[in-house]
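Report on the structure given below.
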Amino acid sequence: MTVPVTVRVVGGGSEIMVIGGVLTFYSTYGHVAKLAEEIKKGAASVEGVEVKIWQVPETLSDEVLGKMGAPPKSDAPVITPQELAEADGILFGFPTRFGMMAAQMKAFFDATGGLWREQSLAGKPAGIFFSTGTQGGGQETTPLTAVTQLTHHGMVFVPVGYTFGAKMFDMGSVHGGSPYGAGTFAGDGSRLPSEVELEHALHQGKYFAGIAKRLKAGSA
């Protein structure tokens with residue numbers, strides 16, 4: 001029997017939600033959004049998995065974003081906390097701010113108190129992907145400090161580990177990502193995710209969707 005799985009990807013800076021899987025993200029300059037698209041491709045490649053990308057609400061005014069030189073937002077729909085409960089698994093993506101998730105994503109998590117009270121997300125698998133400005137800017141601390149949000153909701157954190165293989169050990173080129181999840185370096189904003197970083201994101205999506213599918217099948 002085929003068990004339909006919904007994944008949501010939600011991102012910060014760029015936000016993504018995958019339903020069955022949900023991809024939820026926030027992306028200021030588009031780096032997280034690009035990772036989210038690759039994660040969606042990977043998750044959607046798993047039979048029976050439906051993926052949807054969402055972004056969390058922006059908290060900065062258009063005037064401030066303009067002064068920051070931020071490009072237009074993704075056309076992904078803006079998610080509400082209640083929509084998280086509809087997913088079988090959720091991937092959260094966001095850029096770092098001083099080694100932690102961006103304020104926009106934190107504000108979104110702060111709005112999930114109703115879900116926490118009912119433990120509506122308990123038992124759901126969750127993953128994390130991210131973007132930092134520099135190599136020492138938080139490729140591990142950003143996802144590590146975000147795990148606390150998942151823990152209070154009783155979610156099951158699914159790190160990618162070293163399942164991406166040899167490319168995680170490659171010293172021949174600069175690339176983001178860690179055992180916590182796919183990642184990229186934005187630099188001054190002009191650097192785009194590299195081929196290896198996009199491959200890592202694709203792998204994370206496929207790996208996460210497989211886990212979510214097995215968990216749902218086991219509870220059916």
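Chain labels follow the order of the structure tokens: the first chain is A, the next B, and so on; residue numbering restarts at 1 in every chain, and ligands are counted from 1 in their shown order.
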Surrounding residues of range 151-157 of chain A excluding itself and chain neighbours under 4 positions, 7 Å, only C-alpha atoms, as a PyMOL selection string:
chain A and resi 116+119+121-127+147
Just write the chosen residues, N, CA and C atoms, as a PDB file, in the first residue's frame.
```pdb
ATOM      1  N   TRP A 116       2.091  24.530  20.308  1.00  0.00           N
ATOM      2  CA  TRP A 116       2.845  23.973  21.432  1.00  0.00           C
ATOM      3  C   TRP A 116       1.903  23.535  22.549  1.00  0.00           C
ATOM      4  N   GLN A 119       0.468  20.470  21.552  1.00  0.00           N
ATOM      5  CA  GLN A 119       1.494  19.536  21.070  1.00  0.00           C
ATOM      6  C   GLN A 119       1.113  18.968  19.698  1.00  0.00           C
ATOM      7  N   LEU A 121       2.544  19.438  16.905  1.00  0.00           N
ATOM      8  CA  LEU A 121       3.671  19.060  16.055  1.00  0.00           C
ATOM      9  C   LEU A 121       4.483  17.900  16.633  1.00  0.00           C
ATOM     10  N   ALA A 122       4.116  17.434  17.796  1.00  0.00           N
ATOM     11  CA  ALA A 122       4.859  16.364  18.463  1.00  0.00           C
ATOM     12  C   ALA A 122       4.908  15.116  17.589  1.00  0.00           C
ATOM     13  N   GLY A 123       6.103  14.567  17.457  1.00  0.00           N
ATOM     14  CA  GLY A 123       6.286  13.343  16.687  1.00  0.00           C
ATOM     15  C   GLY A 123       6.534  13.564  15.205  1.00  0.00           C
ATOM     16  N   LYS A 124       6.366  14.784  14.736  1.00  0.00           N
ATOM     17  CA  LYS A 124       6.592  15.051  13.315  1.00  0.00           C
ATOM     18  C   LYS A 124       8.089  15.228  13.054  1.00  0.00           C
ATOM     19  N   PRO A 125       8.619  14.640  11.974  1.00  0.00           N
ATOM     20  CA  PRO A 125      10.032  14.836  11.652  1.00  0.00           C
ATOM     21  C   PRO A 125      10.286  16.259  11.179  1.00  0.00           C
ATOM     22  N   ALA A 126      11.447  16.794  11.521  1.00  0.00           N
ATOM     23  CA  ALA A 126      11.804  18.157  11.133  1.00  0.00           C
ATOM     24  C   ALA A 126      13.279  18.223  10.758  1.00  0.00           C
ATOM     25  N   GLY A 127      13.591  19.035   9.762  1.00  0.00           N
ATOM     26  CA  GLY A 127      14.965  19.234   9.339  1.00  0.00           C
ATOM     27  C   GLY A 127      15.273  20.711   9.225  1.00  0.00           C
ATOM     28  N   VAL A 147      17.544  23.873  17.144  1.00  0.00           N
ATOM     29  CA  VAL A 147      16.985  22.593  17.594  1.00  0.00           C
ATOM     30  C   VAL A 147      16.133  22.773  18.849  1.00  0.00           C
TER      31      VAL A 147
END
```
9 Å contact set for Leu115 in chain A, only C-alpha atoms, chain neighbours under 3 positions out, as a VMD selection string:
chain A and resid 81 to 82 84 to 85 111 to 112 118 to 121 153
Residue set, range 98-175 of chain A restricted to helix (DSSP H, G or I), as a ChimeraX atom specification:
/A:103-110,113-118,141-152,166-169
Spatial neighbours of range 38-46 of chain A, 6 Å, only C-alpha atoms, chain gap at least 6 places, as a list in words:
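Returned residues: Ala201, Leu202, Gly205, Lys206 and Ala209 of chain A.
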Expected file: the selected residues, all heavy atoms, as a PDB file, in the first residue's frame:
```pdb
ATOM      1  N   ALA A 201      21.740  20.013  -0.858  1.00  0.00           N
ATOM      2  CA  ALA A 201      20.336  20.332  -0.580  1.00  0.00           C
ATOM      3  C   ALA A 201      19.412  19.309  -1.232  1.00  0.00           C
ATOM      4  O   ALA A 201      18.429  18.854  -0.625  1.00  0.00           O
ATOM      5  CB  ALA A 201      20.018  21.734  -1.090  1.00  0.00           C
ATOM      6  N   LEU A 202      19.710  18.932  -2.474  1.00  0.00           N
ATOM      7  CA  LEU A 202      18.913  17.926  -3.172  1.00  0.00           C
ATOM      8  C   LEU A 202      18.924  16.615  -2.391  1.00  0.00           C
ATOM      9  O   LEU A 202      17.880  15.975  -2.194  1.00  0.00           O
ATOM     10  CB  LEU A 202      19.481  17.705  -4.576  1.00  0.00           C
ATOM     11  CG  LEU A 202      18.699  16.751  -5.477  1.00  0.00           C
ATOM     12  CD1 LEU A 202      17.470  17.453  -6.046  1.00  0.00           C
ATOM     13  CD2 LEU A 202      19.579  16.254  -6.634  1.00  0.00           C
ATOM     14  N   GLY A 205      16.787  16.801   0.814  1.00  0.00           N
ATOM     15  CA  GLY A 205      15.360  16.672   0.545  1.00  0.00           C
ATOM     16  C   GLY A 205      14.946  15.227   0.346  1.00  0.00           C
ATOM     17  O   GLY A 205      13.938  14.763   0.901  1.00  0.00           O
ATOM     18  N   LYS A 206      15.734  14.491  -0.445  1.00  0.00           N
ATOM     19  CA  LYS A 206      15.420  13.086  -0.715  1.00  0.00           C
ATOM     20  C   LYS A 206      15.561  12.239   0.543  1.00  0.00           C
ATOM     21  O   LYS A 206      14.706  11.396   0.842  1.00  0.00           O
ATOM     22  CB  LYS A 206      16.350  12.561  -1.811  1.00  0.00           C
ATOM     23  CG  LYS A 206      16.052  11.137  -2.243  1.00  0.00           C
ATOM     24  CD  LYS A 206      16.937  10.716  -3.402  1.00  0.00           C
ATOM     25  CE  LYS A 206      16.600   9.300  -3.867  1.00  0.00           C
ATOM     26  NZ  LYS A 206      17.451   8.904  -5.031  1.00  0.00           N
ATOM     27  N   ALA A 209      12.675  13.111   3.049  1.00  0.00           N
ATOM     28  CA  ALA A 209      11.387  12.594   2.597  1.00  0.00           C
ATOM     29  C   ALA A 209      11.298  11.088   2.811  1.00  0.00           C
ATOM     30  O   ALA A 209      10.239  10.558   3.168  1.00  0.00           O
ATOM     31  CB  ALA A 209      11.182  12.923   1.126  1.00  0.00           C
TER      32      ALA A 209
END
```
Selection: 12 Å around Arg97 in chain A, only C-alpha atoms, excl. self and same-chain fewer than 4 positions, as a compact mmCIF listing (two decimals) with all heavy atoms, in the first residue's frame:
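Saved result, selection_28.txt, follows:
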```txt
# COMPACT_ATOMS: atom_id res chain seq x y z
N GLY A 12 13.64 30.90 6.27
CA GLY A 12 13.84 32.20 6.83
C GLY A 12 14.70 32.96 5.88
O GLY A 12 15.60 32.42 5.30
N GLY A 13 14.44 34.22 5.72
CA GLY A 13 15.11 35.00 4.72
C GLY A 13 14.37 34.55 3.50
O GLY A 13 13.62 35.26 2.88
N SER A 27 14.22 34.06 3.50
CA SER A 27 15.42 34.38 2.75
C SER A 27 15.42 35.86 2.43
O SER A 27 14.50 36.36 1.80
CB SER A 27 15.47 33.56 1.47
OG SER A 27 16.66 33.79 0.77
N THR A 28 16.45 36.57 2.87
CA THR A 28 16.53 38.00 2.59
C THR A 28 17.06 38.25 1.19
O THR A 28 16.51 39.05 0.43
CB THR A 28 17.45 38.69 3.62
OG1 THR A 28 16.97 38.43 4.94
CG2 THR A 28 17.48 40.20 3.39
N MET A 101 19.28 31.72 14.21
CA MET A 101 18.30 31.95 13.15
C MET A 101 17.91 33.42 13.07
O MET A 101 17.93 34.16 14.06
CB MET A 101 17.05 31.11 13.38
CG MET A 101 16.20 31.50 14.57
SD MET A 101 14.60 30.64 14.63
CE MET A 101 15.09 28.95 14.85
N ALA A 102 17.55 33.86 11.86
CA ALA A 102 17.12 35.23 11.64
C ALA A 102 15.87 35.54 12.46
O ALA A 102 15.06 34.66 12.77
CB ALA A 102 16.82 35.45 10.16
N ALA A 103 15.70 36.81 12.82
CA ALA A 103 14.59 37.24 13.67
C ALA A 103 13.23 36.90 13.06
O ALA A 103 12.27 36.62 13.78
CB ALA A 103 14.69 38.73 13.94
N GLN A 104 13.15 36.94 11.73
CA GLN A 104 11.87 36.64 11.08
C GLN A 104 11.41 35.22 11.37
O GLN A 104 10.23 34.97 11.63
CB GLN A 104 11.99 36.86 9.56
CG GLN A 104 12.13 38.32 9.15
CD GLN A 104 13.57 38.80 9.17
OE1 GLN A 104 14.44 38.20 9.81
NE2 GLN A 104 13.84 39.89 8.46
N MET A 105 12.36 34.29 11.32
CA MET A 105 12.00 32.89 11.62
C MET A 105 11.71 32.71 13.11
O MET A 105 10.80 31.98 13.48
CB MET A 105 13.13 31.96 11.17
CG MET A 105 12.82 30.48 11.37
SD MET A 105 11.33 29.90 10.53
CE MET A 105 11.92 29.78 8.86
N LYS A 106 12.47 33.39 13.94
CA LYS A 106 12.22 33.30 15.38
C LYS A 106 10.84 33.86 15.72
O LYS A 106 10.11 33.30 16.57
CB LYS A 106 13.29 34.07 16.16
CG LYS A 106 13.15 33.98 17.69
CD LYS A 106 13.18 32.54 18.18
CE LYS A 106 13.34 32.45 19.70
NZ LYS A 106 12.21 33.02 20.42
N PHE A 130 20.33 26.17 5.94
CA PHE A 130 20.73 27.51 6.39
C PHE A 130 21.73 28.19 5.46
O PHE A 130 22.31 27.55 4.57
CB PHE A 130 21.33 27.40 7.79
CG PHE A 130 22.17 26.16 7.95
CD1 PHE A 130 23.50 26.15 7.56
CD2 PHE A 130 21.60 24.98 8.42
CE1 PHE A 130 24.26 24.99 7.65
CE2 PHE A 130 22.35 23.80 8.51
CZ PHE A 130 23.69 23.81 8.13
N SER A 131 21.95 29.46 5.71
CA SER A 131 22.92 30.26 4.97
C SER A 131 23.65 31.15 5.95
O SER A 131 23.04 31.70 6.88
CB SER A 131 22.20 31.13 3.92
OG SER A 131 23.09 32.07 3.35
N THR A 132 24.97 31.27 5.76
CA THR A 132 25.77 32.18 6.59
C THR A 132 26.64 33.06 5.69
O THR A 132 26.89 32.72 4.53
CB THR A 132 26.68 31.42 7.58
OG1 THR A 132 27.70 30.71 6.84
CG2 THR A 132 25.88 30.41 8.39
N GLY A 133 27.10 34.15 6.24
CA GLY A 133 27.92 35.07 5.45
C GLY A 133 29.34 34.59 5.26
O GLY A 133 29.96 34.85 4.23
N THR A 134 29.89 33.91 6.26
CA THR A 134 31.29 33.50 6.23
C THR A 134 31.44 32.05 6.68
O THR A 134 30.51 31.46 7.23
CB THR A 134 32.14 34.39 7.14
OG1 THR A 134 31.70 34.21 8.51
CG2 THR A 134 32.00 35.87 6.77
N GLY A 137 30.77 31.73 10.26
CA GLY A 137 29.61 32.51 10.64
C GLY A 137 28.43 31.76 11.21
O GLY A 137 27.38 32.36 11.46
N GLY A 138 28.56 30.43 11.39
CA GLY A 138 27.45 29.73 12.04
C GLY A 138 26.90 28.52 11.31
O GLY A 138 25.73 28.19 11.48
N GLN A 139 27.71 27.83 10.51
CA GLN A 139 27.21 26.65 9.80
C GLN A 139 26.81 25.52 10.76
O GLN A 139 26.07 24.62 10.38
CB GLN A 139 28.27 26.14 8.82
CG GLN A 139 28.50 27.05 7.63
CD GLN A 139 27.41 26.95 6.57
OE1 GLN A 139 27.00 25.86 6.18
NE2 GLN A 139 26.93 28.09 6.10
N THR A 141 26.43 26.43 14.55
CA THR A 141 25.69 27.05 15.66
C THR A 141 24.28 27.47 15.25
O THR A 141 23.36 27.42 16.07
CB THR A 141 26.43 28.30 16.20
OG1 THR A 141 26.55 29.28 15.17
CG2 THR A 141 27.80 27.93 16.72
N THR A 142 24.10 27.87 14.00
CA THR A 142 22.77 28.30 13.55
C THR A 142 21.75 27.16 13.65
O THR A 142 20.69 27.33 14.27
CB THR A 142 22.83 28.86 12.13
OG1 THR A 142 23.74 29.97 12.10
CG2 THR A 142 21.46 29.34 11.68
N PRO A 143 22.03 25.98 13.08
CA PRO A 143 21.06 24.88 13.25
C PRO A 143 21.03 24.33 14.67
O PRO A 143 19.97 23.94 15.16
CB PRO A 143 21.55 23.83 12.25
CG PRO A 143 23.01 24.11 12.07
CD PRO A 143 23.11 25.60 12.15
N THR A 145 21.38 25.86 17.57
CA THR A 145 20.55 26.67 18.45
C THR A 145 19.08 26.63 18.04
O THR A 145 18.19 26.92 18.85
CB THR A 145 21.04 28.13 18.47
OG1 THR A 145 21.14 28.63 17.13
CG2 THR A 145 22.40 28.24 19.14
N ALA A 146 18.81 26.24 16.80
CA ALA A 146 17.42 26.15 16.34
C ALA A 146 16.75 24.86 16.80
O ALA A 146 15.52 24.78 16.86
CB ALA A 146 17.37 26.23 14.81
```
Quick one: pick out all strand (DSSP E or B) residues within range 38-127 of chain A from a backbone DSSP run and write them as a PyMOL selection string.
chain A and resi 49+51+54-55+78+89-97+100-101+125-127
Let me make sure I understand: among A:Arg117, A:Leu198, A:His175, A:Val51, which one has the smallest atom-to-atom distance to Gly89 in chain A if we use only C-alpha atoms?
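Checking each candidate against Gly89 in chain A, we get A:Val51 as the closest.
Proximity of A:Val56, A:Met171, A:Val78, A:Ala166 to Ala107 in chain A, computed with only C-alpha atoms, is greatest for A:Val56.
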Report, in Å to a single decimal, how far apart CA of Phe92 in chain A and CA of Val160 in chain A are.
13.3 Å
Distance query Gly165 in chain A at most 12 Å, only C-alpha atoms, self and fewer than 4 positions along chain excluded, as number ranges by chain:
A: 160-161, 169-170, 178-179, 196, 199-200, 203-204
